[in-house]
Amino acid sequence: MPGDEQSQFGDNVKIITKPLSLENPVIVEGFPGIGLVGNIASQHLIDELDMEYIGSMESKYFPPIAVLFNGIINMPVRIYESKEYNIITVISDIPIHPTISYEVSKVLMDWAQSINVKEIVSIAGIATMSSDEKVFGAATNDDMLNRIKDHVEIFQVGTISGISGSVMTECFMRNVPAISMLGETNSPNPDPRAAASVIKVLNIIYDLPIDTDNLMEQAEQIEIELQKLAEQVKTSEEGEQPRREFPMYG
Amino acid sequence: MPGDEQSQFGDNVKIITKPLSLENPVIVEGFPGIGLVGNIASQHLIDELDMEYIGSMESKYFPPIAVLFNGIINMPVRIYESKEYNIITVISDIPIHPTISYEVSKVLMDWAQSINVKEIVSIAGIATMSSDEKVFGAATNDDMLNRIKDHVEIFQVGTISGISGSVMTECFMRNVPAISMLGETNSPNPDPRAAASVIKVLNIIYDLPIDTDNLMEQAEQIEIELQKLAEQVKTSEEGEQPRREFPMYG
Amino acid sequence: MPGDEQSQFGDNVKIITKPLSLENPVIVEGFPGIGLVGNIASQHLIDELDMEYIGSMESKYFPPIAVLFNGIINMPVRIYESKEYNIITVISDIPIHPTISYEVSKVLMDWAQSINVKEIVSIAGIATMSSDEKVFGAATNDDMLNRIKDHVEIFQVGTISGISGSVMTECFMRNVPAISMLGETNSPNPDPRAAASVIKVLNIIYDLPIDTDNLMEQAEQIEIELQKLAEQVKTSEEGEQPRREFPMYG
Amino acid sequence: MPGDEQSQFGDNVKIITKPLSLENPVIVEGFPGIGLVGNIASQHLIDELDMEYIGSMESKYFPPIAVLFNGIINMPVRIYESKEYNIITVISDIPIHPTISYEVSKVLMDWAQSINVKEIVSIAGIATMSSDEKVFGAATNDDMLNRIKDHVEIFQVGTISGISGSVMTECFMRNVPAISMLGETNSPNPDPRAAASVIKVLNIIYDLPIDTDNLMEQAEQIEIELQKLAEQVKTSEEGEQPRREFPMYG
Amino acid sequence: MPGDEQSQFGDNVKIITKPLSLENPVIVEGFPGIGLVGNIASQHLIDELDMEYIGSMESKYFPPIAVLFNGIINMPVRIYESKEYNIITVISDIPIHPTISYEVSKVLMDWAQSINVKEIVSIAGIATMSSDEKVFGAATNDDMLNRIKDHVEIFQVGTISGISGSVMTECFMRNVPAISMLGETNSPNPDPRAAASVIKVLNIIYDLPIDTDNLMEQAEQIEIELQKLAEQVKTSEEGEQPRREFPMYG
């Protein structure tokens with residue numbers, strides 16, 4: 001909370017939080033990537049578990065953006081905690097550029113270890129051709145893999161790229177137990193269905209009570225809007241393209 | 001004022017001012033963005049309140065530009081104060097590149113806190129499809145939001161990007177009260193009408209007596225000139241494009 | 001192994017390993033380049049000699065990627081040892097950008113010398129027009145050249161570029177004996193045949209028992225798949241290209 | 001003079017000179033910009049006042065270039081003094097990139113103040129649609145503006161960009177009196193006429209005896225050559241474009 | 001020689017050599033530029049004077065490349081000495097990017113002065129329209145110019161750009177006598193004829209016995225090959241362009 005006693009980690013990438021109350025929390029992270037699976041799922045977790053805002057990550061490398069909820073300013077990368085479920089969620093509304101993924105994941109893990117993290121859950125999307133809505137899973141060690149293997153499709157051979165990839169390698173290097181949850185998505189559009197699939201697996205593994213009905217409604221709403229957009233594009237392409245009359249400034 | 005006793009903040013971005021006389025000022029900032037709403041409104045404030053030049057911001061990251069008023073050189077990012085109204089205005093004639101917004105807003109806020117700022121008003125434009133000339137507003141906390149909520153359209157959900165976005169997140173992080181005033185504009189051209197709308201809200205909130213008539217005249221003038229330009233473009237497109245005969249040097 | 005007692009070299013590029021047991025090892029390195037000859041051959045060495053994972057190289061300059069084997073996370077640049085054959089293999093699944101080759105090879109050689117390296121074998125591909133499947137060889141001094149000259153085609157005049165080139169110049173500068181093994185390849189596709197040719201030479205020089213049959217099977221498999229792909233491309237080009245209806249996100 | 005006792009200013013941008021004899025000199029600077037007005041006028045000043053070479057500015061940010069006069073090597077950015085007229089001229093044959101203008105003007109002004117500069121004259125070109133050959137003028141304070149106002153067209157409102165703009169803002173910030181002389185030019189080609197117009201104003205303000213006849217001859221010569229070039233271009237465009245037969249190296 | 005006692009200069013650009021025996025040597029440098037005149041001439045000097053390898057220049061800014069002679073690895077920028085003729089030659093097989101020319105020439109000259117250099121000869125190509133095979137010459141002072149003026153065409157007015165330009169300005173600044181030898185070339189292809197012309201001038205000035213016959217043979221060979229290539233290009237353009245069937249990897 002701004003103005004309160006705060007702790008701060010990192011240099012070019014900073015994590016600033018108020019004092020935390022959890023002792024050995026699970027940290028769930030969701031950054032936007034394909035299908036925005038990571039941040040849709042994380043935001044849903046925050047909303048449904050009624051998690052409390054405790055701080056943010058900031059960096060000179062991040063794009064300059066303020067996020068608004070009900071007219072109040074907030075940070076684009078935010079941290080929340082749920083005392084009831086012993087979970088911390090790190091959610092980002094901005095994509096992390098590959099050139100800073102290394103530094104972001106280092107600082108995130110320094111901070112995670114400083115608060116005695118139990119384990120990490122990294123949520124992201126994975127593009128496939130199928131529409132099975134599966135969740136692919138991977139882990140940093142056999143114990144973690146055993147915990148998820150009956151609830152996900154094991155991601156046997158391949159690569160996880162981007163910030164989710166660096167968080168996982170960082171966990172592997174530091175021996176911090178971690179699992180990767182990759183929601184299958186087959187379109188570049190926001191995919192709340194894939195996020196819902198991931199949430200359902202988290203419900204099982206962490207014994208959470210999260211309802212995913214409104215994610216499914218969101219998914220239907222997006223599909224309807226994309227359908228409309230497609231029709232408009234078709235229609236407008238049949239007419240003439242309007243000319244732009246004025247020069248553009250700045 | 002150059003040559004006088006000066007104080008200086010920052011490293012790569014510097015604020016250099018003569019000693020200030022205000023004790024707990026409101027700081028209004030306006031940087032150029034869409035519709036140039038921020039700097040048109042700020043310049044109008046400076047002119048109408050007859051504010052005094054007290055210093056400037058400079059940086060190796062800024063484009064090399066000198067600004068001229070009546071043949072006299074000045075800086076592209078300038079700072080003025082009004083003792084009568086207890087307001088400081090920071091105005092820029094140069095856009096701030098996203099990669100330096102973080103550093104610019106850090107230095108601006110370091111300086112603002114060093115002079116015991118009361119609150120920040122960040123003026124910018126916001127592109128919409130409507131021509132209602134509304135002002136959208138946001139704030140860093142509920143108190144500030146309550147002060148503006150009857151005079152603006154609350155900006156419920158969305159993002160503010162660019163320097164105005166970083167100034168607001170910086171205020172949020174430091175617990176400095178701040179409001180964002182976003183003048184609705186529906187064209188990329190300079191939009192004094194949008195600036196006038198913002199000024200009218202400031203008149204109410206800060207009990208200022210600023211006339212906006214000449215902004216409206218400017219708006220009409222710009223519209224007439226753009227109309228003429230559009231006609232010229234049409235005409236010239238009907239004729240032949242002249243050939244460029246000479247090679248271009250440097 | 002993560003979590004164990006580890007040693008670490010370098011700054012922007014780091015090598016992190018558990019304590020090593022070998023005393024004067026041969027180090028084989030294979031980074032991906034043309035035909036992926038370097039990393040196919042190195043991976044085959046690791047698999048067939050049943051080498052043990054002992055650490056990794058990491059860098060903020062590397063792309064953010066986690067590699068998966070059977071659902072378990074691993075690093076993209078990995079180090080393995082074979083006590084039986086006194087060999088260490090450094091294998092990379094990511095290409096090294098020319099701008100960081102200098103630093104990567106410096107750190108690699110600092111580490112190699114710190115563990116008292118006997119000699120270096122650098123494996124890469126070389127593009128030719130022929131399909132002779134020869135291995136070209138070069139060395140940092142006459143002794144090393146004499147050891148390989150009956151088993152390879154000496155690479156008389158030319159250049160070796162990329163990370164393999166910097167490793168070789170670095171060895172030359174430090175007077176660390178080194179040989180370069182360049183598997184001839186005539187296509188940009190992964191070329192297990194070229195890797196097999198290199199392995200056969202290593203079998204002779206280092207008296208190794210590595211079977212290359214499954215590399216040959218891989219080669220055939222790749223050739224069949226490329227053939228299929230070529231036919232599909234032809235077929236699809238005869239039909240109409242489908243239109244993309246939706247805008248792309250991120 | 002190389003080899004003599006030298007003083008040196010700056011770090012990334014350096015000014016290296018032999019000991020100077022002037023005590024409170026006027027410094028004239030001319031860097032190449034539109035119409036090359038700045039360096040044509042400065043070179044003419046140097047030639048006509050028979051100024052003595054005293055040093056140079058160098059920087060790792062400058063393009064690598066040696067300048068030749070009668071077979072003798074010299075620096076691309078050179079400094080000359082005239083004891084008779086108490087003037088120092090800084091002339092550049094290379095354009096200064098906007099990203100280093102800030103640093104170049106800082107070092108230039110540090111050096112200028114270290115030698116107790118009286119005032120600065122910054123010469124550049126200004127593109128207009130007219131062919132009046134006017135000189136536009138601006139100044140850092142009212143005193144300087146008064147000195148030039150009867151001999152130039154005051155540049156009322158606008159911006160001066162590039163190195164000339166940063167030199168002027170730097171003077172303004174440091175309270176060093178400075179005037180900007182902008183020779184009107186309406187073509188991108190070298191414009192000795194515009195340079196001559198500037199020289200005529202300097203003759204008045206600083207009571208100099210500089211003849212501008214050969215600049216006018218140069219202007220006529222350039223105009224003739226450009227006319228010829230235009231005709232050749234026309235002719236060659238009517239024929240066929242020759243094919244390039246050989247691949248280009250490096 | 002690697003492994004021997006070595007001295008090292010510079011930081012980002014390094015010169016590493018074994019102890020030198022010459023006391024006041026002439027240093028000839030040839031970097032590749034237009035027509036590769038600099039490095040063809042330098043290599044010929046090294047071969048014909050049977051010069052001894054004494055060290056190399058390396059830098060993280062150089063492209064990662066190993067050079068091969070008879071299967072033995074060497075550095076792309078090499079240094080040789082001839083005790084008999086008191087000459088050191090610095091030859092490069094890699095072009096020096098303009099952004100590092102400044103630093104390379106600084107380090108080269110620091111090293112040259114540390115070994116008490118007598119004078120510098122910088123060899124490069126110069127593009128002209130003529131096929132006279134002249135050598136243009138320039139110098140840092142009148143004494144040096146007098147020594148060459150009867151054997152070269154004096155390069156009256158103009159610029160020398162690239163590494164040869166920075167070496168010459170660096171010599172001028174440091175008062176190290178230097179001459180520039182620019183072999184006229186009228187094609188972008190390697191031009192041993194231009195290199196031979198330069199060698200002939202060096203033979204006169206430094207009383208050297210270098211035969212240039214095999215350079216002339218090389219020139220004829222290159223011309224024949226380019227002629228063949230031109231014919232092949234013509235022929236292939238008359239036929240159909242083959243389609244590329246497979247996607248390209250990496």
# chains A, B, ... in the order shown; residues from 1 in each chain; ligands from 1
>>> residues_around(residues="range 199-213 of chain B", least_positions_apart="5", cutoff="10 Å", atoms="only C-alpha atoms", output="VMD selection string")
chain B and resid 26 41 to 42 44 to 45 47 to 49 85 87 121 123 135 147 to 148 150 to 152 181 183 192 to 194 218 to 219
>>> atom_distance(atom1="CA of Glu170 in chain E", atom2="CA of Gln6 in chain D")
14.8 Å
>>> select_by_dssp(residues="range 14-43 of chain B", states="helix (DSSP H, G or I)", output="list in words")
Ile34, Gly35, Leu36, Val37, Gly38, Asn39, Ile40, Ala41, Ser42 and Gln43 of chain B
>>> residues_around(residues="Ser101 in chain E", least_positions_apart="6", cutoff="7 Å", atoms="only C-alpha atoms", output="number ranges by chain")
D: 64; E: 162-163, 166
>>> write_last_selection(atoms="N, CA and C atoms", output="short mmCIF file (atom, residue, chain, number, x, y, z; two decimals), in the first residue's frame")
data_model
loop_
_atom_site.label_atom_id
_atom_site.label_comp_id
_atom_site.auth_asym_id
_atom_site.auth_seq_id
_atom_site.Cartn_x
_atom_site.Cartn_y
_atom_site.Cartn_z
N PRO D 64 34.42 8.39 -38.50
CA PRO D 64 35.88 8.38 -38.67
C PRO D 64 36.25 9.03 -40.01
N GLY E 162 36.72 6.04 -42.63
CA GLY E 162 36.95 4.68 -42.13
C GLY E 162 38.18 4.63 -41.23
N ILE E 163 38.61 3.42 -40.95
CA ILE E 163 39.71 3.21 -40.01
C ILE E 163 40.98 3.94 -40.48
N SER E 166 40.70 7.47 -39.36
CA SER E 166 40.96 7.72 -37.93
C SER E 166 42.41 7.51 -37.57
#
>>> closest_residue(among="E:Tyr53, E:Tyr102, E:Phe69, E:Phe62", to="Thr89 in chain E", atoms="only C-alpha atoms")
E:Tyr53
>>> residues_around(residues="Val90 in chain C", least_positions_apart="3", cutoff="6 Å", atoms="only C-alpha atoms", output="list in words")
Glu29, Arg78 and Ile79 of chain C
>>> write_last_selection(atoms="N, CA and C atoms", output="JSON list (two decimals), in the first residue's frame")
[["chain", "number", "residue", "atom", "x", "y", "z"],
["C", 29, "GLU", "N", 32.51, -29.12, -27.34],
["C", 29, "GLU", "CA", 31.38, -28.18, -27.33],
["C", 29, "GLU", "C", 30.66, -28.22, -28.66],
["C", 78, "ARG", "N", 23.75, -26.68, -21.50],
["C", 78, "ARG", "CA", 23.96, -27.64, -20.42],
["C", 78, "ARG", "C", 25.36, -28.26, -20.49],
["C", 79, "ILE", "N", 25.82, -28.71, -19.34],
["C", 79, "ILE", "CA", 27.15, -29.31, -19.25],
["C", 79, "ILE", "C", 27.04, -30.71, -18.64]]
>>> closest_residue(among="A:Met216, A:Ile224, A:Ile65, A:Ile160", to="chain B", atoms="only C-alpha atoms")
A:Ile65
>>> select_by_dssp(residues="range 81-244 of chain E", states="strand (DSSP E)", output="number ranges by chain")
E: 81-82, 87-92, 119-127, 135-139, 153-154, 157-161, 178-185
>>> residues_around(residues="range 14-18 of chain B", least_positions_apart="5", cutoff="10 Å", atoms="only C-alpha atoms", output="CSV table (one decimal) with all heavy atoms, in the first residue's frame")
chain,number,residue,atom,x,y,z
B,1,MET,N,15.9,31.4,-13.4
B,1,MET,CA,16.4,32.5,-14.2
B,1,MET,C,17.9,32.2,-14.4
B,1,MET,O,18.6,32.0,-13.4
B,1,MET,CB,16.2,33.8,-13.5
B,1,MET,CG,16.4,35.1,-14.3
B,1,MET,SD,15.0,35.3,-15.5
B,1,MET,CE,13.5,34.9,-14.6
B,2,PRO,N,18.4,32.2,-15.6
B,2,PRO,CA,19.9,31.8,-15.7
B,2,PRO,C,20.8,32.8,-15.0
B,2,PRO,O,20.5,34.0,-14.9
B,2,PRO,CB,20.1,31.9,-17.3
B,2,PRO,CG,18.9,32.5,-17.8
B,2,PRO,CD,17.8,32.4,-16.8
B,3,GLY,N,21.8,32.3,-14.4
B,3,GLY,CA,22.8,33.1,-13.8
B,3,GLY,C,22.5,33.4,-12.3
B,3,GLY,O,23.4,33.6,-11.5
B,4,ASP,N,21.2,33.3,-11.9
B,4,ASP,CA,20.9,33.4,-10.5
B,4,ASP,C,21.3,32.2,-9.7
B,4,ASP,O,21.7,31.2,-10.3
B,4,ASP,CB,19.4,33.6,-10.3
B,4,ASP,CG,18.9,34.9,-10.9
B,4,ASP,OD1,19.7,35.6,-11.5
B,4,ASP,OD2,17.7,35.1,-10.8
B,5,GLU,N,21.2,32.3,-8.4
B,5,GLU,CA,21.4,31.1,-7.6
B,5,GLU,C,20.4,30.0,-8.1
B,5,GLU,O,19.2,30.3,-8.2
B,5,GLU,CB,21.1,31.5,-6.1
B,5,GLU,CG,21.3,30.5,-5.1
B,5,GLU,CD,20.7,31.0,-3.8
B,5,GLU,OE1,20.5,32.2,-3.6
B,5,GLU,OE2,20.6,30.1,-2.9
B,6,GLN,N,20.9,28.9,-8.3
B,6,GLN,CA,20.0,27.8,-8.8
B,6,GLN,C,20.1,26.5,-8.1
B,6,GLN,O,21.1,26.2,-7.5
B,6,GLN,CB,20.4,27.6,-10.3
B,6,GLN,CG,20.2,28.7,-11.2
B,6,GLN,CD,20.4,28.4,-12.7
B,6,GLN,OE1,21.0,27.4,-13.0
B,6,GLN,NE2,19.8,29.2,-13.6
B,7,SER,N,19.0,25.8,-8.1
B,7,SER,CA,19.1,24.4,-7.5
B,7,SER,C,18.9,23.5,-8.7
B,7,SER,O,18.3,23.8,-9.7
B,7,SER,CB,18.1,24.2,-6.4
B,7,SER,OG,16.8,24.3,-6.9
B,8,GLN,N,19.5,22.3,-8.5
B,8,GLN,CA,19.5,21.3,-9.6
B,8,GLN,C,19.2,19.9,-9.1
B,8,GLN,O,19.7,19.5,-8.1
B,8,GLN,CB,20.8,21.4,-10.3
B,8,GLN,CG,20.9,20.3,-11.4
B,8,GLN,CD,22.3,20.5,-12.1
B,8,GLN,OE1,22.8,21.5,-12.3
B,8,GLN,NE2,22.8,19.3,-12.6
B,9,PHE,N,18.2,19.2,-9.7
B,9,PHE,CA,17.9,17.9,-9.4
B,9,PHE,C,18.2,16.9,-10.5
B,9,PHE,O,18.1,17.3,-11.6
B,9,PHE,CB,16.4,17.8,-9.1
B,9,PHE,CG,16.1,18.1,-7.7
B,9,PHE,CD1,16.0,19.4,-7.3
B,9,PHE,CD2,15.9,17.1,-6.8
B,9,PHE,CE1,15.7,19.7,-6.0
B,9,PHE,CE2,15.6,17.4,-5.4
B,9,PHE,CZ,15.5,18.7,-5.1
B,53,TYR,N,8.4,32.7,-15.1
B,53,TYR,CA,9.4,31.6,-15.5
B,53,TYR,C,10.4,31.4,-14.4
B,53,TYR,O,11.0,32.3,-13.9
B,53,TYR,CB,10.1,32.0,-16.8
B,53,TYR,CG,11.2,31.0,-17.2
B,53,TYR,CD1,10.8,29.8,-17.8
B,53,TYR,CD2,12.5,31.3,-17.0
B,53,TYR,CE1,11.8,28.9,-18.2
B,53,TYR,CE2,13.5,30.4,-17.4
B,53,TYR,CZ,13.1,29.2,-18.0
B,53,TYR,OH,14.0,28.2,-18.4
B,54,ILE,N,10.5,30.2,-13.9
B,54,ILE,CA,11.4,29.9,-12.8
B,54,ILE,C,12.5,28.9,-13.1
B,54,ILE,O,13.4,28.6,-12.3
B,54,ILE,CB,10.6,29.5,-11.5
B,54,ILE,CG1,9.8,28.3,-11.8
B,54,ILE,CG2,9.8,30.6,-11.0
B,54,ILE,CD1,9.2,27.6,-10.6
B,55,GLY,N,12.4,28.2,-14.2
B,55,GLY,CA,13.4,27.2,-14.5
B,55,GLY,C,13.0,26.2,-15.6
B,55,GLY,O,12.0,26.5,-16.3
B,56,SER,N,13.8,25.2,-15.7
B,56,SER,CA,13.5,24.2,-16.8
B,56,SER,C,14.0,22.8,-16.5
B,56,SER,O,14.7,22.6,-15.5
B,56,SER,CB,14.3,24.7,-18.1
B,56,SER,OG,15.7,24.7,-17.8
B,57,MET,N,13.6,21.9,-17.3
B,57,MET,CA,14.0,20.5,-17.2
B,57,MET,C,14.9,20.3,-18.5
B,57,MET,O,14.5,20.7,-19.6
B,57,MET,CB,12.9,19.6,-17.2
B,57,MET,CG,13.3,18.1,-17.2
B,57,MET,SD,11.8,17.0,-17.4
B,57,MET,CE,11.2,16.9,-15.7
B,58,GLU,N,16.0,19.7,-18.3
B,58,GLU,CA,16.8,19.4,-19.5
B,58,GLU,C,17.4,17.9,-19.4
B,58,GLU,O,17.4,17.4,-18.3
B,58,GLU,CB,18.0,20.3,-19.7
B,58,GLU,CG,19.0,20.4,-18.6
B,58,GLU,CD,20.4,20.7,-19.0
B,58,GLU,OE1,20.5,21.5,-20.0
B,58,GLU,OE2,21.3,20.2,-18.4
B,59,SER,N,17.7,17.4,-20.5
B,59,SER,CA,18.2,16.0,-20.5
B,59,SER,C,19.0,15.7,-21.8
B,59,SER,O,18.6,16.2,-22.9
B,59,SER,CB,17.0,15.0,-20.4
B,59,SER,OG,17.5,13.7,-20.6
B,60,LYS,N,20.0,14.9,-21.7
B,60,LYS,CA,20.7,14.5,-22.9
B,60,LYS,C,19.8,13.6,-23.8
B,60,LYS,O,20.1,13.4,-24.9
B,60,LYS,CB,22.0,13.7,-22.5
B,60,LYS,CG,21.8,12.4,-21.8
B,60,LYS,CD,23.1,11.8,-21.5
B,60,LYS,CE,23.0,10.5,-20.6
B,60,LYS,NZ,24.3,10.0,-20.4
B,77,VAL,N,11.4,22.5,-22.2
B,77,VAL,CA,10.6,22.1,-21.1
B,77,VAL,C,10.8,23.1,-20.0
B,77,VAL,O,11.9,23.3,-19.5
B,77,VAL,CB,11.0,20.7,-20.6
B,77,VAL,CG1,10.0,20.2,-19.5
B,77,VAL,CG2,10.9,19.6,-21.7
B,78,ARG,N,9.7,23.9,-19.7
B,78,ARG,CA,9.8,25.0,-18.8
B,78,ARG,C,8.9,24.9,-17.6
B,78,ARG,O,7.9,24.3,-17.6
B,78,ARG,CB,9.4,26.3,-19.6
B,78,ARG,CG,10.3,26.5,-20.9
B,78,ARG,CD,9.8,27.7,-21.7
B,78,ARG,NE,8.4,27.6,-22.2
B,78,ARG,CZ,8.1,26.8,-23.2
B,78,ARG,NH1,9.0,26.1,-23.9
B,78,ARG,NH2,6.8,26.7,-23.6
B,79,ILE,N,9.4,25.7,-16.6
B,79,ILE,CA,8.6,25.6,-15.3
B,79,ILE,C,8.3,27.1,-14.9
B,79,ILE,O,9.1,28.0,-15.0
B,79,ILE,CB,9.5,25.0,-14.2
B,79,ILE,CG1,9.9,23.6,-14.7
B,79,ILE,CG2,8.7,24.9,-12.9
B,79,ILE,CD1,10.9,22.9,-13.7
B,80,TYR,N,7.0,27.3,-14.5
B,80,TYR,CA,6.5,28.6,-14.2
B,80,TYR,C,5.8,28.5,-12.8
B,80,TYR,O,5.3,27.5,-12.5
B,80,TYR,CB,5.5,29.1,-15.2
B,80,TYR,CG,6.1,29.3,-16.6
B,80,TYR,CD1,6.2,28.2,-17.5
B,80,TYR,CD2,6.5,30.6,-17.0
B,80,TYR,CE1,6.7,28.4,-18.8
B,80,TYR,CE2,7.0,30.7,-18.3
B,80,TYR,CZ,7.1,29.7,-19.2
B,80,TYR,OH,7.6,29.8,-20.4
B,104,VAL,N,12.1,10.5,-16.5
B,104,VAL,CA,11.6,11.9,-16.4
B,104,VAL,C,10.6,12.0,-15.2
B,104,VAL,O,10.6,13.0,-14.5
B,104,VAL,CB,10.9,12.3,-17.7
B,104,VAL,CG1,10.1,13.6,-17.6
B,104,VAL,CG2,12.0,12.5,-18.8
B,107,VAL,N,12.3,11.9,-11.8
B,107,VAL,CA,13.0,13.2,-11.4
B,107,VAL,C,12.0,14.3,-11.1
B,107,VAL,O,12.1,15.1,-10.2
B,107,VAL,CB,14.0,13.6,-12.6
B,107,VAL,CG1,14.5,15.0,-12.3
B,107,VAL,CG2,15.1,12.6,-12.6
B,108,LEU,N,10.9,14.3,-11.9
B,108,LEU,CA,9.9,15.3,-11.7
B,108,LEU,C,9.3,15.2,-10.3
B,108,LEU,O,9.1,16.1,-9.6
B,108,LEU,CB,8.8,15.1,-12.8
B,108,LEU,CG,7.6,16.1,-12.7
B,108,LEU,CD1,8.1,17.6,-13.0
B,108,LEU,CD2,6.6,15.7,-13.8
B,110,ASP,N,10.7,13.5,-7.7
B,110,ASP,CA,11.7,13.8,-6.7
B,110,ASP,C,11.7,15.3,-6.4
B,110,ASP,O,11.8,15.8,-5.3
B,110,ASP,CB,13.1,13.4,-7.2
B,110,ASP,CG,13.3,11.9,-7.1
B,110,ASP,OD1,12.5,11.2,-6.5
B,110,ASP,OD2,14.3,11.5,-7.7
B,111,TRP,N,11.7,16.1,-7.5
B,111,TRP,CA,11.7,17.5,-7.4
B,111,TRP,C,10.4,18.1,-6.7
B,111,TRP,O,10.5,18.9,-5.8
B,111,TRP,CB,11.9,18.2,-8.7
B,111,TRP,CG,11.8,19.7,-8.8
B,111,TRP,CD1,12.7,20.6,-8.3
B,111,TRP,CD2,10.7,20.4,-9.2
B,111,TRP,NE1,12.3,21.8,-8.5
B,111,TRP,CE2,11.0,21.8,-9.0
B,111,TRP,CE3,9.5,20.1,-9.8
B,111,TRP,CZ2,10.1,22.8,-9.4
B,111,TRP,CZ3,8.6,21.1,-10.2
B,111,TRP,CH2,8.9,22.4,-10.0
D,173,MET,N,21.0,28.8,-20.5
D,173,MET,CA,21.1,28.2,-19.2
D,173,MET,C,22.3,28.8,-18.4
D,173,MET,O,22.2,29.0,-17.2
D,173,MET,CB,21.3,26.7,-19.3
D,173,MET,CG,20.2,25.9,-19.9
D,173,MET,SD,18.9,25.4,-18.8
D,173,MET,CE,20.0,24.4,-17.7
>>> atom_distance(atom1="CA of Gly125 in chain D", atom2="CA of Tyr61 in chain B")
24.1 Å
